[in-house]
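Enquirer: File target35.txt below, compact mmCIF, C-alpha atoms:
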```
# COMPACT_ATOMS: atom_id res chain seq x y z
CA GLU A 1 -298.52 99.21 41.02
CA LEU A 2 -294.95 99.72 39.80
CA CYS A 3 -292.73 96.69 39.44
CA GLN A 4 -289.69 96.30 41.69
CA SER A 5 -287.17 97.30 38.98
CA CYS A 6 -289.13 100.49 38.21
CA SER A 7 -289.28 101.35 41.90
CA HIS A 8 -285.50 100.99 42.20
CA TRP A 9 -285.01 103.22 39.12
CA ILE A 10 -287.28 105.90 40.58
CA ALA A 11 -285.46 105.73 43.90
CA ARG A 12 -282.12 106.31 42.16
CA LYS A 13 -283.42 109.27 40.13
CA PRO A 14 -286.00 111.07 42.31
CA LEU A 15 -285.52 114.52 40.71
CA PHE A 16 -285.88 113.20 37.18
CA PHE A 17 -288.97 111.22 38.14
CA THR A 18 -290.52 114.24 39.87
CA ILE A 19 -289.99 116.45 36.82
CA LEU A 20 -291.60 113.94 34.48
CA TYR A 21 -294.37 112.48 36.61
CA THR A 22 -295.70 115.33 38.72
CA PRO A 23 -296.90 117.57 35.79
CA LEU A 24 -298.84 114.61 34.37
CA TYR A 25 -301.53 115.07 37.00
CA HIS A 26 -304.84 116.54 35.98
CA PRO A 27 -305.59 119.91 37.69
CA ARG A 28 -308.14 118.08 39.86
CA GLY A 29 -305.46 115.74 41.15
CA ILE A 30 -306.29 112.74 38.96
CA PRO A 31 -303.19 111.09 37.48
CA ILE A 32 -303.37 111.03 33.69
CA ALA A 33 -300.71 108.52 32.68
CA LEU A 34 -297.23 107.35 33.51
CA PHE A 35 -296.78 104.90 30.68
CA PRO A 36 -298.17 105.06 27.12
CA SER A 37 -301.44 103.43 26.21
CA GLU A 38 -301.50 100.65 23.67
CA GLY A 39 -301.38 101.37 19.97
CA PRO A 40 -299.36 103.82 17.84
CA ARG A 41 -301.76 106.71 18.41
CA GLY A 42 -301.59 106.36 22.19
CA LEU A 43 -297.79 106.12 22.07
CA ALA A 44 -297.48 109.25 19.90
CA SER A 45 -299.77 111.22 22.23
CA TRP A 46 -297.81 110.05 25.28
CA ARG A 47 -294.49 111.05 23.72
CA LYS A 48 -295.82 114.51 22.85
CA THR A 49 -297.10 115.03 26.40
CA MET A 50 -293.86 113.81 27.96
CA LYS A 51 -291.77 116.09 25.70
CA LYS A 52 -293.77 119.18 26.71
CA GLN A 53 -293.72 118.34 30.40
CA LEU A 54 -289.99 117.67 30.26
CA ARG A 55 -289.32 121.15 28.83
CA ILE A 56 -291.35 122.77 31.61
CA GLY A 57 -289.71 120.56 34.21
CA ILE A 58 -286.23 121.47 33.00
CA LEU A 59 -287.03 125.17 33.42
CA VAL A 60 -288.12 124.56 36.99
CA ALA A 61 -285.19 122.30 37.84
CA VAL A 62 -282.54 124.61 36.37
CA SER A 63 -283.96 127.62 38.18
CA ALA A 64 -284.11 125.68 41.45
CA LEU A 65 -280.45 124.85 41.11
CA LEU A 66 -279.45 128.39 40.18
CA PHE A 67 -281.21 129.99 43.13
CA SER A 68 -280.55 127.43 45.83
CA PRO A 69 -279.70 129.09 49.18
CA ASP A 70 -276.80 126.63 49.53
CA ILE A 71 -274.87 128.32 46.71
CA PRO A 72 -272.07 130.52 48.09
CA LEU A 73 -272.46 134.29 47.81
CA ALA A 74 -269.47 134.49 45.46
CA ALA A 75 -271.16 132.06 43.09
CA GLN A 76 -274.40 134.01 43.30
CA GLY A 77 -272.52 137.14 42.26
CA GLN A 78 -271.39 135.35 39.12
CA MET A 79 -275.01 134.58 38.20
CA GLN A 80 -276.38 138.11 38.05
CA ASP A 81 -277.50 137.47 34.48
CA SER A 82 -279.38 134.29 35.42
CA SER A 83 -282.73 136.05 35.14
CA ARG A 84 -281.88 137.00 31.56
CA ARG A 85 -280.92 133.42 30.75
CA LEU A 86 -284.18 132.08 32.14
CA TYR A 87 -286.17 134.79 30.37
CA ASP A 88 -284.47 134.01 27.05
CA ARG A 89 -285.08 130.29 27.53
CA VAL A 90 -288.80 130.86 28.05
CA MET A 91 -288.92 133.20 25.05
CA GLU A 92 -287.63 130.33 22.92
CA GLU A 93 -290.74 128.37 23.86
CA PHE A 94 -292.88 131.32 22.79
CA LYS A 95 -291.02 131.68 19.48
CA HIS A 96 -291.68 127.99 18.81
CA ARG A 97 -295.38 128.69 19.42
CA ASP A 98 -295.57 126.44 22.46
CA TYR A 99 -297.72 128.96 24.29
CA GLU A 100 -298.71 126.65 27.15
CA ALA A 101 -295.07 125.98 28.02
CA ALA A 102 -294.18 129.67 27.62
CA LEU A 103 -297.12 130.69 29.80
CA ALA A 104 -295.94 128.36 32.58
CA GLY A 105 -292.39 129.59 32.15
CA PHE A 106 -293.22 133.29 32.37
CA ARG A 107 -295.41 132.72 35.42
CA PHE A 108 -292.52 130.92 37.07
CA PHE A 109 -290.22 133.79 36.10
CA ILE A 110 -292.52 136.25 37.87
CA GLU A 111 -292.45 134.11 41.01
CA VAL A 112 -288.65 133.87 41.04
CA HIS A 113 -287.75 137.29 39.61
CA GLY A 114 -290.71 139.43 40.62
CA HIS A 115 -288.44 142.45 41.20
CA SER A 116 -286.33 141.95 38.10
CA ALA A 117 -286.11 144.58 35.38
CA LEU A 118 -287.62 141.95 33.09
CA ALA A 119 -290.67 141.30 35.30
CA ALA A 120 -292.88 143.73 33.36
CA ASN A 121 -291.89 142.11 30.09
CA ALA A 122 -292.67 138.67 31.49
CA GLN A 123 -296.09 139.91 32.64
CA TYR A 124 -296.75 141.23 29.14
CA TRP A 125 -295.83 137.91 27.54
CA ILE A 126 -298.11 136.09 29.94
CA GLY A 127 -300.94 138.14 28.47
CA GLU A 128 -299.70 137.52 24.94
CA CYS A 129 -299.66 133.76 25.51
CA GLN A 130 -303.21 133.87 26.88
CA TYR A 131 -304.34 136.01 23.95
CA ARG A 132 -302.91 133.58 21.42
CA LEU A 133 -304.54 130.70 23.24
CA GLY A 134 -307.91 132.45 22.90
CA ARG A 135 -308.20 133.27 26.62
CA TYR A 136 -309.12 136.89 26.04
CA LYS A 137 -310.54 137.65 29.49
CA ASP A 138 -307.41 136.28 31.14
CA SER A 139 -305.22 138.27 28.78
CA LEU A 140 -307.11 141.46 29.68
CA ALA A 141 -306.21 141.00 33.34
CA SER A 142 -302.57 140.35 32.49
CA PHE A 143 -302.22 143.40 30.24
CA TYR A 144 -303.97 145.57 32.82
CA ASN A 145 -301.41 144.34 35.36
CA VAL A 146 -298.64 145.74 33.18
CA VAL A 147 -300.37 149.11 32.93
CA SER A 148 -301.24 149.24 36.64
CA TYR A 149 -298.13 147.88 38.31
CA TYR A 150 -295.32 148.77 35.91
CA PRO A 151 -295.88 152.46 35.02
CA LEU A 152 -292.34 152.84 33.63
CA SER A 153 -292.39 149.70 31.53
CA PRO A 154 -291.48 149.92 27.83
CA LYS A 155 -294.42 147.57 27.27
CA LEU A 156 -297.08 150.15 28.22
CA ALA A 157 -297.99 151.06 24.65
CA ALA A 158 -298.08 147.43 23.55
CA SER A 159 -300.15 146.42 26.58
CA THR A 160 -302.68 149.19 25.99
CA LEU A 161 -302.97 148.18 22.34
CA LYS A 162 -303.49 144.53 23.29
CA ILE A 163 -306.22 145.53 25.76
CA GLY A 164 -308.05 147.17 22.87
CA GLN A 165 -307.57 144.09 20.69
CA ALA A 166 -308.82 141.83 23.48
CA TYR A 167 -311.94 143.97 23.87
CA THR A 168 -312.47 143.65 20.13
CA LYS A 169 -312.29 139.86 20.40
CA LEU A 170 -314.76 139.98 23.30
CA GLY A 171 -317.24 141.99 21.24
CA ASP A 172 -316.91 145.32 23.05
CA PRO A 173 -316.03 147.84 20.32
CA ASP A 174 -316.61 150.93 22.50
CA LYS A 175 -314.00 149.95 25.07
CA ALA A 176 -311.71 148.76 22.31
CA ARG A 177 -311.91 152.14 20.57
CA MET A 178 -311.24 153.95 23.85
CA MET A 179 -308.03 151.97 24.33
CA PHE A 180 -306.92 152.49 20.74
CA GLU A 181 -307.44 156.24 21.11
CA ARG A 182 -305.43 156.18 24.33
CA VAL A 183 -302.53 154.58 22.47
CA VAL A 184 -302.64 157.29 19.80
CA ASP A 185 -302.87 160.09 22.37
CA GLN A 186 -300.21 158.85 24.81
CA TYR A 187 -297.77 157.19 22.41
CA PRO A 188 -298.29 159.03 19.09
CA ASP A 189 -294.89 158.18 17.58
CA SER A 190 -294.88 154.50 18.45
CA SER A 191 -295.45 151.58 16.11
CA GLU A 192 -298.39 150.63 18.35
CA ALA A 193 -300.00 154.00 17.58
CA GLU A 194 -299.93 153.20 13.87
CA LEU A 195 -301.67 149.90 14.52
CA ALA A 196 -304.18 151.66 16.77
CA ARG A 197 -305.01 154.19 14.03
CA LYS A 198 -305.68 151.35 11.60
CA ALA A 199 -307.89 149.64 14.17
CA ILE A 200 -309.85 152.88 14.67
CA ASP A 201 -310.29 153.24 10.90
CA THR A 202 -311.56 149.67 10.74
CA THR A 203 -314.02 150.35 13.54
CA ASN A 204 -315.26 153.49 11.77
CA ALA A 205 -315.75 151.61 8.52
CA LYS A 206 -317.83 148.96 10.27
CA SER A 207 -319.98 151.54 12.04
CA GLU A 208 -320.77 153.60 8.91
CA PRO A 209 -324.26 152.94 7.51
CA VAL A 210 -324.40 151.23 4.16
CA SER A 211 -326.39 153.15 1.54
CA HIS A 212 -328.51 151.14 -0.85
CA THR A 213 -329.38 152.49 -4.29
CA LEU A 214 -332.97 151.80 -5.26
CA GLU A 215 -333.44 150.88 -8.89
```
Spell out the structure here as structure tokens.
Expert:
Amino acid sequence: ELCQSCSHWIARKPLFFTILYTPLYHPRGIPIALFPSEGPRGLASWRKTMKKQLRIGILVAVSALLFSPDIPLAAQGQMQDSSRRLYDRVMEEFKHRDYEAALAGFRFFIEVHGHSALAANAQYWIGECQYRLGRYKDSLASFYNVVSYYPLSPKLAASTLKIGQAYTKLGDPDKARMMFERVVDQYPDSSEAELARKAIDTTNAKSEPVSHTLE
């Protein structure tokens, strides 16, 4: 149970408390921790968790403020580039290799800016985050979403290539090769096509029988 002084502090800063405390729940609804456990190792782990949750919480809070229905229409007109600012902020998380935070950020972007010109890019980066986290089946679904729902996206070639790479990771070389060949056929002059050709060559080299010289 929280002491009286802590309760007063929480009451004065409900938004800040919500940002920090709510994400610290386990997916099953079990609270993980509000305060650090004893010892330097427990304190360091708590600080790391709080720092990550704070970054995600800031993204949510800032976006909630930007897109509040109480903001006048004139002010909304001055924030037409807000989707770009949020997108760039989430990309910073990705560039710093915090793929969990970036994954949460891009998913939130899709929810808020599902019809934005950057929605297809955000969907692609969701798949990229999952791929780099080793969630290859999840990344397949995300990259297929780009191909299926954003037919004019500049990320089509990259998504098709990543589908092939995900199939490779999942141990399905036939499907991987099919996707690599599709990249070469449909986007022959792209940088992704060059990578696809190299992947096909690698697949061919692995499938060639090895001759043994008898002595």
Enquirer: Which residues of range 135-182 of chain A sit at most 10 Å from range 105-120 of chain A, using all atoms listed in the file? Give each one's shortest atom pair and distance in Å (one decimal place), in chain and ascending residue order, as a Markdown table.
Expert:
```
| residue | atom | partner | partner_atom | distance |
| --- | --- | --- | --- | --- |
| A:Phe143 | CA | A:Ala120 | CA | 9.9 |
| A:Asn145 | CA | A:Ala120 | CA | 8.8 |
| A:Val146 | CA | A:Ala120 | CA | 6.1 |
| A:Val147 | CA | A:Ala120 | CA | 9.2 |
| A:Tyr149 | CA | A:Ala120 | CA | 8.3 |
| A:Tyr150 | CA | A:Ala120 | CA | 6.2 |
| A:Pro151 | CA | A:Ala120 | CA | 9.4 |
| A:Leu152 | CA | A:Ala120 | CA | 9.1 |
| A:Ser153 | CA | A:Ala120 | CA | 6.3 |
| A:Pro154 | CA | A:Ala120 | CA | 8.4 |
| A:Lys155 | CA | A:Ala120 | CA | 7.4 |
| A:Leu156 | CA | A:Ala120 | CA | 9.2 |
```
Enquirer: Taking into account all atoms listed in the file, which residue in the set A:Ser82, A:Tyr167, A:Leu161, A:Lys175 is nearest to Ala196 in chain A?
Expert: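 Comparing A:Ser82, A:Tyr167, A:Leu161, A:Lys175 against Ala196 in chain A, the winner is A:Leu161.
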Enquirer: Taking all atoms listed in the file into account, which of A:Asp174, A:Gln123, A:Val183, A:Ala158 comes nearest Asn204 in chain A?
Expert: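 Residue with the minimum atom-to-atom distance to Asn204 in chain A: A:Asp174.
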Enquirer: If we count all atoms listed in the file, what is near Tyr131 in chain A at a cut-off of 10 Å, once residues fewer than 5 positions away on the same chain are taken out, given as a ChimeraX atom specification?
Expert: /A:99,125-126,136-140,142-143,162-163,165-166,169
Enquirer: Taking the structure I provided as the source, export range 166-201 of chain A with N, CA and C atoms, as a compact mmCIF listing (two decimals), in the first residue's frame.
Expert:
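The file below, out-v2.txt, is the result:
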```
# COMPACT_ATOMS: atom_id res chain seq x y z
N ALA A 166 12.82 -13.59 -44.50
CA ALA A 166 12.13 -14.21 -43.37
C ALA A 166 11.89 -15.70 -43.63
N TYR A 167 11.53 -16.03 -44.87
CA TYR A 167 11.35 -17.45 -45.21
C TYR A 167 12.68 -18.20 -45.08
N THR A 168 13.77 -17.54 -45.43
CA THR A 168 15.08 -18.16 -45.26
C THR A 168 15.34 -18.47 -43.79
N LYS A 169 15.05 -17.50 -42.93
CA LYS A 169 15.25 -17.70 -41.49
C LYS A 169 14.35 -18.82 -40.95
N LEU A 170 13.18 -18.98 -41.56
CA LEU A 170 12.24 -20.00 -41.11
C LEU A 170 12.51 -21.37 -41.74
N GLY A 171 13.56 -21.45 -42.55
CA GLY A 171 13.94 -22.73 -43.14
C GLY A 171 13.08 -23.17 -44.30
N ASP A 172 12.59 -22.21 -45.10
CA ASP A 172 11.78 -22.54 -46.27
C ASP A 172 12.44 -21.92 -47.51
N PRO A 173 13.49 -22.57 -48.02
CA PRO A 173 14.25 -21.99 -49.13
C PRO A 173 13.46 -21.86 -50.43
N ASP A 174 12.49 -22.74 -50.67
CA ASP A 174 11.71 -22.66 -51.91
C ASP A 174 10.87 -21.38 -51.96
N LYS A 175 10.17 -21.08 -50.89
CA LYS A 175 9.39 -19.85 -50.86
C LYS A 175 10.30 -18.62 -50.85
N ALA A 176 11.43 -18.76 -50.17
CA ALA A 176 12.38 -17.64 -50.15
C ALA A 176 12.87 -17.33 -51.56
N ARG A 177 13.24 -18.37 -52.31
CA ARG A 177 13.71 -18.17 -53.67
C ARG A 177 12.62 -17.55 -54.55
N MET A 178 11.39 -18.00 -54.38
CA MET A 178 10.29 -17.45 -55.16
C MET A 178 10.15 -15.94 -54.93
N MET A 179 10.30 -15.51 -53.69
CA MET A 179 10.18 -14.08 -53.38
C MET A 179 11.38 -13.30 -53.92
N PHE A 180 12.56 -13.89 -53.84
CA PHE A 180 13.74 -13.22 -54.38
C PHE A 180 13.61 -13.04 -55.89
N GLU A 181 13.12 -14.08 -56.56
CA GLU A 181 12.93 -13.98 -58.01
C GLU A 181 11.88 -12.94 -58.37
N ARG A 182 10.88 -12.80 -57.52
CA ARG A 182 9.84 -11.79 -57.76
C ARG A 182 10.44 -10.38 -57.67
N VAL A 183 11.33 -10.20 -56.72
CA VAL A 183 12.00 -8.89 -56.59
C VAL A 183 12.79 -8.57 -57.86
N VAL A 184 13.52 -9.55 -58.35
CA VAL A 184 14.34 -9.34 -59.56
C VAL A 184 13.46 -9.07 -60.77
N ASP A 185 12.35 -9.78 -60.88
CA ASP A 185 11.46 -9.62 -62.04
C ASP A 185 10.70 -8.30 -62.01
N GLN A 186 10.19 -7.92 -60.84
CA GLN A 186 9.32 -6.75 -60.75
C GLN A 186 10.06 -5.45 -60.48
N TYR A 187 11.23 -5.55 -59.87
CA TYR A 187 12.00 -4.34 -59.54
C TYR A 187 13.46 -4.53 -59.96
N PRO A 188 13.72 -4.77 -61.24
CA PRO A 188 15.06 -5.17 -61.70
C PRO A 188 16.16 -4.14 -61.46
N ASP A 189 15.80 -2.86 -61.42
CA ASP A 189 16.82 -1.81 -61.28
C ASP A 189 16.97 -1.31 -59.85
N SER A 190 16.31 -1.95 -58.92
CA SER A 190 16.36 -1.49 -57.53
C SER A 190 17.56 -2.09 -56.80
N SER A 191 17.92 -1.45 -55.69
CA SER A 191 18.99 -1.99 -54.85
C SER A 191 18.56 -3.32 -54.23
N GLU A 192 17.25 -3.45 -53.99
CA GLU A 192 16.74 -4.72 -53.44
C GLU A 192 16.93 -5.87 -54.43
N ALA A 193 16.85 -5.57 -55.73
CA ALA A 193 17.04 -6.61 -56.75
C ALA A 193 18.47 -7.13 -56.70
N GLU A 194 19.42 -6.25 -56.46
CA GLU A 194 20.82 -6.68 -56.36
C GLU A 194 21.00 -7.62 -55.17
N LEU A 195 20.39 -7.28 -54.05
CA LEU A 195 20.46 -8.15 -52.88
C LEU A 195 19.76 -9.48 -53.14
N ALA A 196 18.66 -9.43 -53.88
CA ALA A 196 17.91 -10.65 -54.19
C ALA A 196 18.75 -11.57 -55.08
N ARG A 197 19.45 -10.99 -56.06
CA ARG A 197 20.31 -11.81 -56.94
C ARG A 197 21.40 -12.51 -56.12
N LYS A 198 21.98 -11.80 -55.17
CA LYS A 198 23.01 -12.41 -54.33
C LYS A 198 22.41 -13.53 -53.48
N ALA A 199 21.19 -13.31 -53.00
CA ALA A 199 20.54 -14.35 -52.19
C ALA A 199 20.25 -15.59 -53.04
N ILE A 200 19.85 -15.37 -54.30
CA ILE A 200 19.59 -16.50 -55.20
C ILE A 200 20.88 -17.25 -55.47
N ASP A 201 21.97 -16.53 -55.70
CA ASP A 201 23.27 -17.18 -55.93
C ASP A 201 23.69 -18.00 -54.73
```
